[in-house]
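*Asks:* Quick one: this structure, given as structure tokens, is what I'll be asking you about.
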Amino acid sequence: MTHHLVLSYELHKKMEIYRPHKAYPVELAQFHSADYVDFLHRISPDTQHLFSNELAKYNLGEDCPVFDNLFEFCQIYAGGTIDAARRLNNQICDIAINWAGGLHHAKKCEASGFCYINDLVLGILELLKYHARVLYIDIDVHHGDGVEEAFYFTDRVMTVSFHKYGDLFFPGTGDVKRYTLSGLGSREDGSGEICLGLAVKISSDIHGCIFALKEIGEREGKFYAINVPLKDGIDDTSFARHFKTIIAKVVETYLPGVIVLQCGADSLAGDRLGCFNLSIDGASHAECVRFVKKFNLPLLVTGGGGYTKENVARCWTVETGVLLDTELPNEIPENEYIKYFAPEYSLRIPNGHIENLNSKSYLSTIKMQVLENLRCIQHAPSVQMQEVPPDFYIPDFDEDEQNPDERIDQHTQDKQIQRDDEYYEGDNDNDHNMDDV
């Protein structure tokens, strides 16, 4: 649906469009365990009843169902993010977009939250071959727990997640906890030490009241995991203000060489699983993309969650326009999915009307804690010079050597930069009969 909406606004004419390779199992195993990758390769709806123990071990079922062509699905979206990272590394582009990616919950050895392979981690691993520091920003309504966990012990990746926390909201991580201590000379663990950022004194007027960031990273990664837990009903103005303040300070302090931005659309108003009041354009979701773009750093942008599909397509189309410095008219042009945008057929959506439970004092406290954490970072971390690891061998397709009289297999066709039928909007479009994408 996003693909067709982007086409209808003719945004594809302002970009280079590539069909990515399907990620090889050896590439997926750069983060995920080989046995988990192999199981995803083998499992199918017809055989899953034979693997009850493995399904439980790898957390498949319920919110991570097994479906036909599951592994190919993982290969396609992961390959897109890996290829996007490689193009940035080789300075083929300044901004790379993979709206199919952004599956941020997947762990090393298990699926989570409809995320099977963590393409973001794989993309960041590619970027680390060329960049000393990678900044990961997540504006999905759910905490980016899989990415945070993957880089929890390193200072080469800083993760920043803005998300809903509380009320048993999935995945239940990324919080800020309040600790009331008997005095200011001891910590909850009894160590008798207060470390700025691990335990931050908010007000000298409140004796013994200490707020502590629970998830900040460990070892070399201490203070490099930043969480901004929000409550129901956050609005455009509050979200954008705190996003800009925090991200500006993060970039100033951390000095990343490249940014990865996960744009989950379930943080929009009206999402079936979300609980925020954010609009698409104006001062919220798309404004975050616009703000990050202004740093003029190499930028990898992905999708993520989103459960009101017409709004997901609207959001990512608007943000494609933002990344192309193109203002889009509000009236949606004719396209294969036009019926889903009835009755208004408008690109932008209004703010939501959920009660905003984020008080000014609460947001101020969160912001203060994040900024205190950043003060614990003495300088941007560096790495020693070393040989850049090579990309995995992927056979290249040489169009000059192709014999037009010979049939070529589908795999070889998929490795072309663009297929002959890739951008048709009518009967020749392979996707024209698909209702849900």
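For the structure tokens, the naming scheme is as follows: chains receive sequential letters (A, B, ...) according to their order of presentation, residues are indexed from 1 within each chain, and ligands are indexed from 1 in presentation order.
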Skip segment 63-76 of chain A itself and residues of its chain fewer than 2 positions away, then list as a PyMOL selection string all residues within 8 Å of it, counting only C-alpha atoms.

*Replies:* chain A and resi 20-24+40-41+43-45+48+59-61+78-80+111-117

*Asks:* Need to verify the contact set: Asp140 of chain A, 6 Å, only C-alpha atoms, exclusion of same-chain residues closer than 4 positions in sequence. Can you return it as a PDB file with N, CA, C and O atoms, in the first residue's frame?

*Replies:*
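In the end it all went to out06.pdb:
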```pdb
ATOM      1  N   CYS A 263      11.054   4.400  12.076  1.00  0.00           N
ATOM      2  CA  CYS A 263       9.851   5.249  12.052  1.00  0.00           C
ATOM      3  C   CYS A 263       8.581   4.428  12.198  1.00  0.00           C
ATOM      4  O   CYS A 263       7.683   4.487  11.343  1.00  0.00           O
ATOM      5  N   GLY A 264       8.487   3.647  13.254  1.00  0.00           N
ATOM      6  CA  GLY A 264       7.256   2.900  13.480  1.00  0.00           C
ATOM      7  C   GLY A 264       6.048   3.823  13.497  1.00  0.00           C
ATOM      8  O   GLY A 264       6.052   4.845  14.182  1.00  0.00           O
ATOM      9  N   SER A 267       2.846   4.864  16.542  1.00  0.00           N
ATOM     10  CA  SER A 267       2.793   5.993  17.477  1.00  0.00           C
ATOM     11  C   SER A 267       1.847   7.093  16.995  1.00  0.00           C
ATOM     12  O   SER A 267       1.689   8.120  17.666  1.00  0.00           O
TER      13      SER A 267
END
```

*Asks:* Using only C-alpha atoms, determine which residues lie at most 9 Å from segment 142-159 of chain A, disregarding the query and same-chain residues fewer than 4 positions distant; provide the list as a PyMOL selection string.

*Replies:* chain A and resi 31+103-108+112+118+120-121+124+128+131-138+163-165+169-174+216-227+229+250+254+256+262+264+266-267+274+305+380-383

*Asks:* Using Å and a single decimal, report how far atom CA of Ile280 of chain A sits from atom CA of Ile332 of chain A.

*Replies:*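 Computing it gives 14.5 Å between the two atoms.
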
*Asks:* Would you mind listing, for every residue of segment 109-164 of chain A within 7 Å of segment 85-95 of chain A, the two atoms forming the shortest contact and the distance between them in Å to one decimal, using only C-alpha atoms, sorted by chain and ascending residue number, as a tab-separated table?

*Replies:*
```
residue	atom	partner	partner_atom	distance
A:Gly123	CA	A:Ala85	CA	5.5
A:Glu126	CA	A:Ala85	CA	6.1
A:Leu127	CA	A:Ala85	CA	5.8
A:Tyr130	CA	A:Asn89	CA	6.2
```

*Asks:* Restricted to C-alpha atoms, what would the selected residues look like written as a PDB file, in the first residue's frame?

*Replies:*
```
ATOM      1  CA  GLY A 123      22.254  -2.973   9.258  1.00  0.00           C
ATOM      2  CA  GLU A 126      27.347  -3.229   8.503  1.00  0.00           C
ATOM      3  CA  LEU A 127      27.601   0.480   9.311  1.00  0.00           C
ATOM      4  CA  TYR A 130      32.972   2.072   8.254  1.00  0.00           C
TER       5      TYR A 130
END
```

*Asks:* For atom CA of His4 of chain A and atom CA of Ala286 of chain A, quote the distance in Å rounded to one decimal.

*Replies:* 19.3 Å

*Asks:* For atom CA of Val312 of chain A and atom CA of Ala265 of chain A, quote the distance in Å rounded to one decimal.

*Replies:*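 If I compute the distance from atom CA of Val312 of chain A to atom CA of Ala265 of chain A, I get 5.6 Å.
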